[in-house]
Amino acid sequence: MKFEILAKPDFPILKLDLNAGESIRAESGAMVAMSPQVKMETKAQGGIFASAKRALFSGESFFQNTFTVESGNGELFLTSATQGDLEHRTLKNEELILSRGAYVAGGTDLVIDSKWGGFKGFFAGEGLFFLKVSGTGDLFFSSFGAIHTVDVDGMYIVDTGHIVAFEPSLDYHIDKVGGLKSLFLSGEGLVAKFSGKGRLYLQTRNQNSFASWANTWRRVQRSTSVGGGD
């Protein structure tokens, strides 16, 4: 399988050239276009209960699509649901922890499972589950904004809304930037304090901050519309 990520980092699209017998598994709705040699099969991944749990808490779809070329060569284009970057990583009998909604596609030998985040995930406002992707194969994941990688050796502090993925060799706990006044008035939320040695993937934009900004403008427009009608 050959691949190329086009138009990074603003509006990337993943181009895959598949040979006969090659397959890739993608998140529901990721397909943009494909040649007629590519066949798609849709099914729940990891069993009904596991899939329902993963969909509910991780932000991923209940179903996933497997694209396979049965004969000849095929071309497949995939993209993410968010307006942001796409990143590739080859896993070699290893694991990567993804934040909710980051998974786009991966090799069919990869195992995708929900990973309990405990109360530290709950208080971070990022949901109770991360995705744990393990095994050997190509993995593609996305962000909101561009992706910035950090090789942590010691401690590193990250706003929880900017976490895309991290290696399981890194541990973390959730904390405040400052006191309670800073938490509510500074515009900064909670942070994850990572420790250990491993790679950390960050996104340059924050979905929660963007949603708050968009909601503010929506309220302003609604108020103006109502006022204009009097």
# chains A, B, ... in the order shown; residues from 1 in each chain; ligands from 1
>>> residues_around(residues="region 29-38 of chain A", least_positions_apart="6", cutoff="12 Å", atoms="only C-alpha atoms", output="ChimeraX atom specification")
/A:12-23,60-82,101-106,140-142
>>> write_last_selection(atoms="N, CA and C atoms", output="compact mmCIF listing (two decimals), in the first residue's frame")
# COMPACT_ATOMS: atom_id res chain seq x y z
N PRO A 12 -6.26 18.70 4.59
CA PRO A 12 -5.59 17.54 4.01
C PRO A 12 -6.57 16.46 3.57
N ILE A 13 -6.10 15.68 2.62
CA ILE A 13 -6.84 14.52 2.14
C ILE A 13 -5.83 13.40 1.95
N LEU A 14 -6.21 12.20 2.33
CA LEU A 14 -5.33 11.03 2.27
C LEU A 14 -5.61 10.25 1.00
N LYS A 15 -4.57 10.10 0.17
CA LYS A 15 -4.67 9.31 -1.05
C LYS A 15 -3.98 7.98 -0.84
N LEU A 16 -4.71 6.89 -1.08
CA LEU A 16 -4.18 5.55 -0.90
C LEU A 16 -4.20 4.80 -2.23
N ASP A 17 -3.09 4.18 -2.56
CA ASP A 17 -3.01 3.30 -3.74
C ASP A 17 -2.89 1.87 -3.23
N LEU A 18 -3.95 1.10 -3.45
CA LEU A 18 -4.04 -0.25 -2.92
C LEU A 18 -3.86 -1.28 -4.02
N ASN A 19 -3.10 -2.33 -3.71
CA ASN A 19 -2.95 -3.46 -4.61
C ASN A 19 -3.98 -4.53 -4.29
N ALA A 20 -4.10 -5.50 -5.16
CA ALA A 20 -5.07 -6.58 -4.97
C ALA A 20 -4.86 -7.26 -3.62
N GLY A 21 -5.95 -7.41 -2.86
CA GLY A 21 -5.89 -8.06 -1.57
C GLY A 21 -5.58 -7.14 -0.41
N GLU A 22 -5.21 -5.90 -0.66
CA GLU A 22 -4.90 -4.96 0.42
C GLU A 22 -6.17 -4.28 0.93
N SER A 23 -6.20 -4.02 2.23
CA SER A 23 -7.37 -3.42 2.87
C SER A 23 -6.95 -2.34 3.84
N GLU A 60 -16.11 8.26 18.58
CA GLU A 60 -15.95 7.58 17.31
C GLU A 60 -17.27 6.93 16.90
N SER A 61 -17.34 6.50 15.65
CA SER A 61 -18.57 5.91 15.14
C SER A 61 -18.73 4.48 15.63
N PHE A 62 -20.00 4.05 15.77
CA PHE A 62 -20.32 2.67 16.13
C PHE A 62 -19.83 1.71 15.06
N PHE A 63 -19.95 2.09 13.80
CA PHE A 63 -19.53 1.25 12.69
C PHE A 63 -18.28 1.82 12.02
N GLN A 64 -17.53 0.92 11.38
CA GLN A 64 -16.39 1.32 10.58
C GLN A 64 -16.47 0.62 9.23
N ASN A 65 -15.81 1.23 8.24
CA ASN A 65 -15.82 0.70 6.88
C ASN A 65 -14.46 0.13 6.53
N THR A 66 -14.46 -1.07 5.97
CA THR A 66 -13.23 -1.70 5.49
C THR A 66 -13.23 -1.66 3.96
N PHE A 67 -12.18 -1.06 3.41
CA PHE A 67 -12.05 -0.92 1.96
C PHE A 67 -11.00 -1.92 1.47
N THR A 68 -11.38 -2.73 0.46
CA THR A 68 -10.51 -3.79 -0.04
C THR A 68 -10.50 -3.78 -1.56
N VAL A 69 -9.32 -3.99 -2.13
CA VAL A 69 -9.20 -4.18 -3.58
C VAL A 69 -9.16 -5.67 -3.84
N GLU A 70 -10.14 -6.16 -4.57
CA GLU A 70 -10.22 -7.60 -4.82
C GLU A 70 -9.33 -8.03 -5.97
N SER A 71 -9.16 -7.18 -6.97
CA SER A 71 -8.30 -7.51 -8.11
C SER A 71 -7.78 -6.22 -8.72
N GLY A 72 -6.59 -6.30 -9.30
CA GLY A 72 -6.00 -5.13 -9.92
C GLY A 72 -5.50 -4.14 -8.87
N ASN A 73 -5.55 -2.87 -9.22
CA ASN A 73 -5.14 -1.79 -8.32
C ASN A 73 -6.29 -0.82 -8.12
N GLY A 74 -6.35 -0.22 -6.94
CA GLY A 74 -7.43 0.70 -6.65
C GLY A 74 -6.94 1.96 -5.96
N GLU A 75 -7.70 3.02 -6.11
CA GLU A 75 -7.37 4.31 -5.52
C GLU A 75 -8.48 4.72 -4.56
N LEU A 76 -8.08 5.20 -3.39
CA LEU A 76 -9.04 5.56 -2.36
C LEU A 76 -8.63 6.88 -1.72
N PHE A 77 -9.60 7.79 -1.54
CA PHE A 77 -9.36 9.07 -0.88
C PHE A 77 -10.16 9.13 0.41
N LEU A 78 -9.50 9.48 1.52
CA LEU A 78 -10.14 9.60 2.81
C LEU A 78 -9.81 10.96 3.41
N THR A 79 -10.68 11.43 4.30
CA THR A 79 -10.40 12.67 5.02
C THR A 79 -11.03 12.60 6.40
N SER A 80 -10.73 13.60 7.22
CA SER A 80 -11.25 13.62 8.58
C SER A 80 -12.50 14.49 8.66
N ALA A 81 -13.21 14.38 9.78
CA ALA A 81 -14.42 15.18 9.96
C ALA A 81 -14.10 16.60 10.37
N THR A 82 -12.94 16.81 10.98
CA THR A 82 -12.59 18.14 11.47
C THR A 82 -11.75 18.92 10.47
N GLY A 101 -12.33 11.27 18.78
CA GLY A 101 -12.54 11.83 17.45
C GLY A 101 -11.31 11.92 16.59
N ALA A 102 -10.12 11.50 17.09
CA ALA A 102 -8.89 11.67 16.32
C ALA A 102 -8.66 10.56 15.30
N TYR A 103 -9.20 9.38 15.54
CA TYR A 103 -8.96 8.25 14.64
C TYR A 103 -9.62 8.48 13.28
N VAL A 104 -8.86 8.25 12.20
CA VAL A 104 -9.39 8.37 10.85
C VAL A 104 -9.37 7.01 10.15
N ALA A 105 -8.21 6.35 10.12
CA ALA A 105 -8.10 5.08 9.41
C ALA A 105 -6.87 4.33 9.90
N GLY A 106 -6.85 3.03 9.61
CA GLY A 106 -5.70 2.24 10.00
C GLY A 106 -5.73 0.87 9.37
N PHE A 140 -3.61 6.45 10.75
CA PHE A 140 -3.82 7.83 10.34
C PHE A 140 -4.78 8.49 11.33
N PHE A 141 -4.39 9.63 11.87
CA PHE A 141 -5.25 10.33 12.82
C PHE A 141 -5.24 11.83 12.52
N SER A 142 -6.24 12.52 13.04
CA SER A 142 -6.47 13.91 12.66
C SER A 142 -6.49 14.83 13.86
>>> residues_around(residues="Pro168 (chain A)", least_positions_apart="6", cutoff="7 Å", atoms="only C-alpha atoms", output="list in words")
Glu95, Leu96 and Ile97 of chain A
>>> write_last_selection(atoms="N, CA, C and O atoms", output="compact mmCIF listing (two decimals), in the first residue's frame")
# COMPACT_ATOMS: atom_id res chain seq x y z
N GLU A 95 1.69 0.71 20.96
CA GLU A 95 0.41 1.35 21.21
C GLU A 95 0.52 2.86 21.07
O GLU A 95 1.59 3.44 21.26
N LEU A 96 -0.62 3.46 20.76
CA LEU A 96 -0.74 4.92 20.77
C LEU A 96 -2.12 5.26 21.33
O LEU A 96 -3.11 4.64 20.94
N ILE A 97 -2.17 6.23 22.22
CA ILE A 97 -3.44 6.68 22.81
C ILE A 97 -3.93 7.89 22.04
O ILE A 97 -3.21 8.88 21.89
>>> residues_around(residues="Gly198 (chain A)", least_positions_apart="4", cutoff="10 Å", atoms="only C-alpha atoms", output="number ranges by chain")
A: 150-154, 166-171, 194
>>> closest_residue(among="A:Ile24, A:Ala146, A:Ala44, A:Leu91", to="Met1 (chain A)", atoms="only C-alpha atoms")
A:Ile24
>>> atom_distance(atom1="CA of Leu190 (chain A)", atom2="CA of Val164 (chain A)")
15.5 Å
>>> atom_distance(atom1="CA of His88 (chain A)", atom2="CA of Leu139 (chain A)")
5.7 Å
>>> atom_distance(atom1="CA of Phe144 (chain A)", atom2="CA of Lys2 (chain A)")
25.1 Å
